[in-house]
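For reference, work_11.cif is printed below; it contains mmCIF, C-alpha atoms.
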data_input
#
loop_
_atom_site.label_atom_id
_atom_site.label_comp_id
_atom_site.auth_asym_id
_atom_site.auth_seq_id
_atom_site.Cartn_x
_atom_site.Cartn_y
_atom_site.Cartn_z
CA MET A 1 0.00 0.00 0.00
CA ALA A 2 2.78 2.42 0.79
CA ARG A 3 5.86 3.18 -1.20
CA ASP A 4 9.07 1.66 0.06
CA ARG A 5 11.19 3.92 2.16
CA GLU A 6 14.75 3.79 3.36
CA ALA A 7 15.19 3.09 7.06
CA SER A 8 17.48 5.69 8.58
CA GLN A 9 19.61 3.16 10.45
CA SER A 10 20.30 1.00 7.37
CA PRO A 11 20.66 2.97 4.11
CA GLN A 12 20.89 -0.17 1.99
CA GLN A 13 17.73 -1.80 3.34
CA GLN A 14 14.25 -0.92 2.09
CA TYR A 15 11.21 -1.11 4.39
CA THR A 16 7.52 -0.49 3.93
CA VAL A 17 5.69 1.70 6.43
CA GLU A 18 3.97 -1.38 7.81
CA GLN A 19 7.34 -3.02 8.46
CA LEU A 20 8.70 0.11 10.14
CA VAL A 21 5.69 0.22 12.45
CA ALA A 22 5.95 -3.48 13.24
CA VAL A 23 9.69 -3.46 13.96
CA ASN A 24 10.25 0.02 15.45
CA PRO A 25 6.91 1.33 16.78
CA TYR A 26 8.54 3.44 19.50
CA ASN A 27 11.65 4.52 17.60
CA PRO A 28 11.62 8.32 17.05
CA ASP A 29 13.85 7.81 14.01
CA ILE A 30 10.79 6.76 12.01
CA LEU A 31 8.89 10.00 12.75
CA SER A 32 9.75 11.55 9.41
CA ASP A 33 8.81 8.36 7.55
CA LEU A 34 5.40 8.31 9.19
CA GLU A 35 4.84 12.01 8.55
CA ASN A 36 5.76 11.51 4.89
CA TYR A 37 3.23 8.70 4.77
CA VAL A 38 0.49 10.99 6.10
CA ASN A 39 1.40 13.39 3.29
CA GLU A 40 0.96 10.46 0.91
CA GLN A 41 -2.45 9.71 2.38
CA VAL A 42 -3.71 13.21 1.62
CA SER A 43 -2.12 13.50 -1.82
CA VAL A 44 -4.31 13.60 -4.90
CA THR A 45 -2.55 10.68 -6.58
CA ASN A 46 -2.48 8.15 -3.73
CA GLN A 47 -5.33 8.53 -1.22
CA THR A 48 -3.96 5.61 0.81
CA TYR A 49 -4.79 5.09 4.47
CA SER A 50 -3.34 3.17 7.41
CA LEU A 51 -4.81 3.49 10.88
CA ASP A 52 -1.90 1.54 12.40
CA ALA A 53 0.70 3.89 10.94
CA ASN A 54 -1.24 6.96 12.04
CA LEU A 55 -1.73 5.66 15.58
CA CYS A 56 1.98 4.89 15.75
CA LEU A 57 2.80 8.46 14.75
CA LEU A 58 0.43 9.89 17.36
CA ARG A 59 2.04 7.71 20.03
CA LEU A 60 5.48 8.94 19.02
CA TYR A 61 4.22 12.53 19.29
CA GLN A 62 3.24 11.72 22.88
CA PHE A 63 6.86 10.79 23.61
CA GLU A 64 8.29 13.60 21.46
CA PRO A 65 5.81 16.49 21.90
CA GLU A 66 8.34 19.04 20.69
CA HIS A 67 8.24 17.37 17.28
CA MET A 68 4.45 17.34 16.96
CA ASN A 69 3.23 18.66 13.63
CA ILE A 70 -0.26 20.11 14.22
CA GLN A 71 -1.16 20.03 10.53
CA ILE A 72 -0.25 16.35 10.31
CA VAL A 73 -2.42 15.60 13.37
CA ALA A 74 -5.37 17.42 11.80
CA TRP A 75 -4.98 15.43 8.59
CA ILE A 76 -4.90 12.19 10.56
CA LEU A 77 -8.21 13.08 12.22
CA ILE A 78 -9.82 14.03 8.91
CA LYS A 79 -8.75 10.71 7.39
CA ALA A 80 -10.20 8.99 10.45
CA LEU A 81 -13.53 10.77 9.89
CA MET A 82 -13.51 9.44 6.35
CA ALA A 83 -13.16 5.89 7.70
CA MET A 84 -16.47 5.96 9.57
CA PRO A 85 -18.34 3.88 10.70
CA ALA A 86 -15.03 2.42 11.90
CA PRO A 87 -14.07 3.87 15.33
CA ASP A 88 -10.79 5.31 14.00
CA PHE A 89 -11.56 8.90 15.02
CA SER A 90 -12.02 8.02 18.70
CA LEU A 91 -8.90 5.86 18.67
CA CYS A 92 -6.82 8.70 17.26
CA LEU A 93 -8.36 11.37 19.48
CA PHE A 94 -7.46 9.35 22.58
CA LEU A 95 -3.76 9.82 21.72
CA ILE A 96 -3.95 13.58 21.21
CA PRO A 97 -3.20 15.76 24.26
CA GLU A 98 -6.17 17.63 25.69
CA GLN A 99 -4.55 21.03 25.21
CA VAL A 100 -4.16 20.27 21.51
CA GLN A 101 -7.78 19.15 21.27
CA MET A 102 -8.81 22.57 22.57
CA GLU A 103 -7.41 24.31 19.50
CA GLU A 104 -10.16 25.61 17.23
CA GLN A 105 -9.59 23.30 14.27
CA PHE A 106 -9.66 20.24 16.50
CA LYS A 107 -12.79 21.37 18.32
CA THR A 108 -14.42 21.70 14.91
CA LEU A 109 -13.39 18.18 13.92
CA ILE A 110 -14.76 16.80 17.19
CA VAL A 111 -18.09 18.53 16.53
CA LEU A 112 -18.17 17.12 13.00
CA SER A 113 -17.51 13.64 14.38
CA HIS A 114 -20.40 14.02 16.82
CA TYR A 115 -22.75 15.06 14.02
CA LEU A 116 -21.80 12.00 11.99
CA GLU A 117 -22.11 9.63 14.93
CA THR A 118 -25.63 10.90 15.61
CA ALA A 119 -26.61 11.04 11.90
CA ARG A 120 -27.19 14.80 12.02
CA PHE A 121 -26.14 15.21 8.43
CA ARG A 122 -27.62 18.64 7.77
CA GLN A 123 -25.69 20.08 10.73
CA PHE A 124 -22.59 18.24 9.56
CA TRP A 125 -22.67 19.69 6.04
CA ASP A 126 -23.45 23.18 7.34
CA GLU A 127 -20.45 23.05 9.69
CA ALA A 128 -18.22 21.49 7.03
CA ALA A 129 -19.09 24.33 4.64
CA LYS A 130 -17.65 26.79 7.16
CA ASN A 131 -14.35 24.89 7.18
CA ARG A 132 -13.77 24.15 3.51
CA SER A 133 -10.17 25.34 3.64
CA THR A 134 -9.37 22.61 6.17
CA LEU A 135 -11.43 19.76 4.76
CA GLU A 136 -11.23 20.17 1.00
CA VAL A 137 -7.47 19.69 0.94
CA ILE A 138 -8.15 15.98 1.60
CA PRO A 139 -9.06 14.23 -1.66
CA GLY A 140 -12.23 12.15 -1.49
CA PHE A 141 -13.51 13.69 1.75
CA GLU A 142 -16.99 14.52 0.49
CA GLN A 143 -17.40 11.17 -1.25
CA ALA A 144 -16.35 9.27 1.88
CA ILE A 145 -18.92 11.08 4.03
CA GLN A 146 -21.62 10.54 1.41
CA ALA A 147 -20.84 6.81 1.45
CA TYR A 148 -21.12 6.80 5.23
CA ALA A 149 -24.48 8.62 5.10
CA ILE A 150 -25.83 6.08 2.61
CA HIS A 151 -24.59 3.28 4.85
CA ILE A 152 -26.49 4.73 7.81
CA LEU A 153 -29.69 5.19 5.80
CA SER A 154 -29.51 1.64 4.47
CA LEU A 155 -29.35 0.22 8.00
CA THR A 156 -32.99 1.16 8.53
CA TYR A 157 -34.66 2.17 5.29
CA HIS A 158 -35.46 0.22 2.17
CA LYS A 159 -37.23 3.22 0.65
CA VAL A 160 -35.97 6.75 1.30
CA PRO A 161 -37.76 9.99 0.29
CA ARG A 162 -35.66 12.04 -2.12
CA PRO A 163 -35.45 15.06 0.27
CA VAL A 164 -34.07 12.84 3.05
CA LEU A 165 -31.38 11.44 0.79
CA ALA A 166 -30.59 14.89 -0.60
CA GLU A 167 -30.03 16.24 2.92
CA ALA A 168 -27.93 13.27 4.01
CA ILE A 169 -25.50 13.42 1.08
CA ASN A 170 -25.65 17.19 0.49
CA LEU A 171 -26.69 16.97 -3.15
CA GLU A 172 -29.67 18.44 -4.97
CA GLY A 173 -30.93 19.30 -8.43
CA PRO A 174 -28.89 18.05 -11.42
CA SER A 175 -26.06 16.84 -9.16
CA LEU A 176 -28.46 14.58 -7.27
CA ASP A 177 -30.05 13.40 -10.53
CA LYS A 178 -26.64 12.40 -11.89
CA PHE A 179 -25.77 10.65 -8.63
CA LEU A 180 -29.03 8.68 -8.70
CA GLU A 181 -28.54 7.71 -12.32
CA TYR A 182 -25.19 6.19 -11.45
CA GLN A 183 -26.56 4.33 -8.41
CA VAL A 184 -29.48 2.92 -10.40
CA ALA A 185 -27.18 1.78 -13.19
CA ASN A 186 -24.41 0.33 -11.04
CA CYS A 187 -25.50 -0.28 -7.45
CA GLY A 188 -28.95 -1.86 -7.55
CA TRP A 189 -30.94 1.23 -6.60
CA ALA A 190 -34.38 1.98 -8.07
CA LEU A 191 -36.71 4.97 -8.26
CA GLU A 192 -40.37 4.75 -7.28
CA ASN A 193 -42.74 7.58 -8.12
CA SER A 194 -45.54 8.35 -5.67
CA THR A 195 -48.56 10.41 -6.72
CA GLY A 196 -48.56 13.74 -4.90
CA ARG A 197 -45.43 12.86 -2.93
CA SER A 198 -41.69 13.11 -3.35
CA PRO A 199 -40.16 10.25 -5.33
CA LEU A 200 -38.88 7.37 -3.25
CA ILE A 201 -35.39 5.95 -3.67
CA VAL A 202 -35.44 2.18 -3.27
CA LEU A 203 -32.22 0.94 -1.68
CA PRO A 204 -30.96 -2.63 -2.06
CA ARG A 205 -32.30 -5.06 0.51
CA ASN A 206 -30.07 -6.11 3.35
CA GLU A 207 -30.46 -7.89 6.67
CA PHE A 208 -31.05 -4.61 8.47
CA ASN A 209 -33.70 -2.90 6.35
CA HIS A 210 -35.41 -6.26 5.68
CA PRO A 211 -35.57 -8.21 8.96
CA GLU A 212 -36.62 -11.42 7.22
CA LEU A 213 -33.13 -11.56 5.70
CA LYS A 214 -31.49 -11.82 9.11
CA LYS A 215 -29.88 -15.18 9.65
CA ASN A 216 -30.24 -15.15 13.42
CA THR A 217 -30.84 -12.83 16.36
CA GLU A 218 -27.11 -12.07 16.64
CA ASP A 219 -27.38 -10.16 13.38
CA SER A 220 -29.90 -7.70 14.81
CA MET A 221 -29.08 -4.04 14.39
CA PRO A 222 -27.86 -2.47 17.66
CA LEU A 223 -30.18 0.03 19.32
CA ASP A 224 -27.61 2.82 19.02
CA HIS A 225 -27.76 2.47 15.23
CA VAL A 226 -31.52 2.93 15.31
CA ALA A 227 -31.31 5.92 17.64
CA GLY A 228 -28.73 7.57 15.40
CA ILE A 229 -31.12 7.62 12.45
CA PHE A 230 -33.93 9.64 14.03
CA PRO A 231 -32.32 13.12 13.96
CA ILE A 232 -32.27 13.22 10.16
CA LEU A 233 -36.05 12.96 10.13
CA GLY A 234 -36.52 15.79 12.61
#

Once more with this new file: its structure as structure tokens, please.
Amino acid sequence: MARDREASQSPQQQYTVEQLVAVNPYNPDILSDLENYVNEQVSVTNQTYSLDANLCLLRLYQFEPEHMNIQIVAWILIKALMAMPAPDFSLCLFLIPEQVQMEEQFKTLIVLSHYLETARFRQFWDEAAKNRSTLEVIPGFEQAIQAYAIHILSLTYHKVPRPVLAEAINLEGPSLDKFLEYQVANCGWALENSTGRSPLIVLPRNEFNHPELKKNTEDSMPLDHVAGIFPILG
């Protein structure tokens, strides 16, 4: 996944980031390698991601606070937001000192995380619009959040009103039409017209939005997933 890099203690030997993390997780000599890898993760051409490498870098910053790069930390948190519903954001935040978390850009990211966790997508997009300069430097950010929003909707709904979907993924008009055309053609979605009502978007069936598809009671959707859906309908 990552390009090979040269380990500082052995110029002739090549190591991947994963190998550096596995062999020298607490060695400050790999700080620059891990920072370079974060730069790779936010580059237009690569868009790679490694939670393990990012957590390793945050741990090293704990031991070497004078070397902490605030911009790198912010990028790590944004990439973690893009990994939702995985708990990466909380795992990363736990390793960031409280005084750093109190800086404005980090408070904003924490608020955005809360909005996503509680499925308050309209509030999320409104807040994100105020911080475009921070978020838009990360390629694929908007698409990753849209994918997460669709994932959350599909946990409960088989049919979603067009306005609800539009709010969740922050698209409307021709942009939403083009998005729906792609989903219908490639992802098993369908459109259902209702007389006097907004069109319904029919999402693919799964074991959550169609209980009869559940294999057993262990597959039941957790209550916190259900609770997180309600704010988008408010």

Discussion item. From the options A:Leu34, A:Ile96, A:Ile78, A:Ala86, which residue's atoms come nearest to Gln62 (chain A), counting only C-alpha atoms?
Written reply: A:Ile96

Suppose a student applies the PyMOL selection byres ((chain A and resi 66-71) around 12) to this structure; what residues should they get, written as a PDB file with C-alpha atoms, in the coordinates of the input?
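Result file follows (part-v3.pdb):
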ATOM      1  CA  PRO A  28      11.620   8.320  17.050  1.00  0.00           C
ATOM      2  CA  ASP A  29      13.850   7.810  14.010  1.00  0.00           C
ATOM      3  CA  LEU A  31       8.890  10.000  12.750  1.00  0.00           C
ATOM      4  CA  SER A  32       9.750  11.550   9.410  1.00  0.00           C
ATOM      5  CA  LEU A  34       5.400   8.310   9.190  1.00  0.00           C
ATOM      6  CA  GLU A  35       4.840  12.010   8.550  1.00  0.00           C
ATOM      7  CA  ASN A  36       5.760  11.510   4.890  1.00  0.00           C
ATOM      8  CA  VAL A  38       0.490  10.990   6.100  1.00  0.00           C
ATOM      9  CA  ASN A  39       1.400  13.390   3.290  1.00  0.00           C
ATOM     10  CA  VAL A  42      -3.710  13.210   1.620  1.00  0.00           C
ATOM     11  CA  LEU A  57       2.800   8.460  14.750  1.00  0.00           C
ATOM     12  CA  LEU A  58       0.430   9.890  17.360  1.00  0.00           C
ATOM     13  CA  ARG A  59       2.040   7.710  20.030  1.00  0.00           C
ATOM     14  CA  LEU A  60       5.480   8.940  19.020  1.00  0.00           C
ATOM     15  CA  TYR A  61       4.220  12.530  19.290  1.00  0.00           C
ATOM     16  CA  GLN A  62       3.240  11.720  22.880  1.00  0.00           C
ATOM     17  CA  PHE A  63       6.860  10.790  23.610  1.00  0.00           C
ATOM     18  CA  GLU A  64       8.290  13.600  21.460  1.00  0.00           C
ATOM     19  CA  PRO A  65       5.810  16.490  21.900  1.00  0.00           C
ATOM     20  CA  ILE A  72      -0.250  16.350  10.310  1.00  0.00           C
ATOM     21  CA  VAL A  73      -2.420  15.600  13.370  1.00  0.00           C
ATOM     22  CA  ALA A  74      -5.370  17.420  11.800  1.00  0.00           C
ATOM     23  CA  TRP A  75      -4.980  15.430   8.590  1.00  0.00           C
ATOM     24  CA  ILE A  76      -4.900  12.190  10.560  1.00  0.00           C
ATOM     25  CA  LEU A  77      -8.210  13.080  12.220  1.00  0.00           C
ATOM     26  CA  ILE A  78      -9.820  14.030   8.910  1.00  0.00           C
ATOM     27  CA  ILE A  96      -3.950  13.580  21.210  1.00  0.00           C
ATOM     28  CA  PRO A  97      -3.200  15.760  24.260  1.00  0.00           C
ATOM     29  CA  GLN A  99      -4.550  21.030  25.210  1.00  0.00           C
ATOM     30  CA  VAL A 100      -4.160  20.270  21.510  1.00  0.00           C
ATOM     31  CA  GLN A 101      -7.780  19.150  21.270  1.00  0.00           C
ATOM     32  CA  GLU A 103      -7.410  24.310  19.500  1.00  0.00           C
ATOM     33  CA  GLU A 104     -10.160  25.610  17.230  1.00  0.00           C
ATOM     34  CA  GLN A 105      -9.590  23.300  14.270  1.00  0.00           C
ATOM     35  CA  PHE A 106      -9.660  20.240  16.500  1.00  0.00           C
ATOM     36  CA  THR A 134      -9.370  22.610   6.170  1.00  0.00           C
ATOM     37  CA  LEU A 135     -11.430  19.760   4.760  1.00  0.00           C
ATOM     38  CA  VAL A 137      -7.470  19.690   0.940  1.00  0.00           C
TER      39      VAL A 137
END

Worksheet item: Given the choices A:Glu172, A:Pro161, A:Phe121, A:Met102, which gets closest to Ser194 (chain A) if the distance is worked out from all atoms listed in the file?
Response: A:Pro161

Fill in: Length of the CA of Cys92 (chain A) to CA of Ala80 (chain A) vector [Å]
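It comes out at 7.6 Å.
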
Worksheet item: When distances are computed from all atoms listed in the file, which of A:Cys56, A:Ala128, A:Ala119, A:Leu93 shows the smallest separation from Val164 (chain A)?
Response: A:Ala119

Practice prompt. Go through A:His210, A:Lys159, A:Arg205, A:Lys79 one by one, measure the shortest atom-to-atom distance of each to Pro139 (chain A) using all atoms listed in the file, and give the residue with the smallest value.
Written response: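 Of the candidates, the smallest distance to Pro139 (chain A) is held by A:Lys79.
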
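Reported to one decimal place, the separation of CA of Arg197 (chain A) from CA of Leu180 (chain A) is 17.9 Å.
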
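Among the candidates A:Ser198, A:Gln146, A:Gln19, A:Thr45, the one nearest to Phe179 (chain A) when counting only C-alpha atoms is A:Gln146.
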
Item to complete: State, in Å with one decimal place, the distance from CA of Val17 (chain A) to CA of Asp88 (chain A).
Response: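 Taking CA of Val17 (chain A) as the start and CA of Asp88 (chain A) as the end point, the length is 18.5 Å.
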
Worksheet item: Mind telling me what the PyMOL selection byres ((chain A and resi 85) around 9) catches here, as a PyMOL selection string?
Response: chain A and resi 81-84+86-88+116-117+148+151-152

Item to complete: Would you mind listing what lies within 12 Å of Leu176 (chain A) as number ranges by chain, with all atoms listed in the file counted and same-chain residues fewer than 3 positions away left out?
Response: A: 146, 162-173, 179-183, 201

Take the residues that were just selected and, keeping C-alpha atoms, output them as a CSV table (one decimal), keeping the file's coordinate frame.
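Writing done, so here's part.csv:
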chain,number,residue,atom,x,y,z
A,146,GLN,CA,-21.6,10.5,1.4
A,162,ARG,CA,-35.7,12.0,-2.1
A,163,PRO,CA,-35.4,15.1,0.3
A,164,VAL,CA,-34.1,12.8,3.0
A,165,LEU,CA,-31.4,11.4,0.8
A,166,ALA,CA,-30.6,14.9,-0.6
A,167,GLU,CA,-30.0,16.2,2.9
A,168,ALA,CA,-27.9,13.3,4.0
A,169,ILE,CA,-25.5,13.4,1.1
A,170,ASN,CA,-25.6,17.2,0.5
A,171,LEU,CA,-26.7,17.0,-3.2
A,172,GLU,CA,-29.7,18.4,-5.0
A,173,GLY,CA,-30.9,19.3,-8.4
A,179,PHE,CA,-25.8,10.6,-8.6
A,180,LEU,CA,-29.0,8.7,-8.7
A,181,GLU,CA,-28.5,7.7,-12.3
A,182,TYR,CA,-25.2,6.2,-11.4
A,183,GLN,CA,-26.6,4.3,-8.4
A,201,ILE,CA,-35.4,6.0,-3.7

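If you measure from each of A:Leu112, A:Ser133, A:Tyr157, A:Lys107 to Asn206 (chain A) using all atoms listed in the file, the closest one turns out to be A:Tyr157.
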
Excluding Gly140 (chain A) and residues on its chain fewer than 5 positions from it, collect all residues at most 9 Å away from it, counting only C-alpha atoms, and give them as a PDB file with C-alpha atoms, in the frame of the given file.
ATOM      1  CA  VAL A  44      -4.310  13.600  -4.900  1.00  0.00           C
ATOM      2  CA  GLN A  47      -5.330   8.530  -1.220  1.00  0.00           C
ATOM      3  CA  MET A  82     -13.510   9.440   6.350  1.00  0.00           C
ATOM      4  CA  ILE A 145     -18.920  11.080   4.030  1.00  0.00           C
TER       5      ILE A 145
END

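When the PyMOL selection byres ((chain A and resi 202) around 6) is evaluated against the file, it yields His158, Lys159, Trp189, Ala190, Leu191, Ile201 and Leu203 of chain A.
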
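Excluding Asn131 (chain A) itself and same-chain residues fewer than 5 positions from it, the residues having an atom within 10 Å of it are A:Gln105, A:Thr108, A:Leu109, A:Trp125, A:Asp126, A:Glu136, counting all atoms listed in the file.
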
Resulting file, chosen residues, C-alpha atoms, as an mmCIF file, in the coordinates of the input:
data_model
loop_
_atom_site.group_PDB
_atom_site.id
_atom_site.type_symbol
_atom_site.label_atom_id
_atom_site.label_comp_id
_atom_site.auth_asym_id
_atom_site.auth_seq_id
_atom_site.Cartn_x
_atom_site.Cartn_y
_atom_site.Cartn_z
ATOM 1 C CA GLN A 105 -9.590 23.300 14.270
ATOM 2 C CA THR A 108 -14.420 21.700 14.910
ATOM 3 C CA LEU A 109 -13.390 18.180 13.920
ATOM 4 C CA TRP A 125 -22.670 19.690 6.040
ATOM 5 C CA ASP A 126 -23.450 23.180 7.340
ATOM 6 C CA GLU A 136 -11.230 20.170 1.000
#
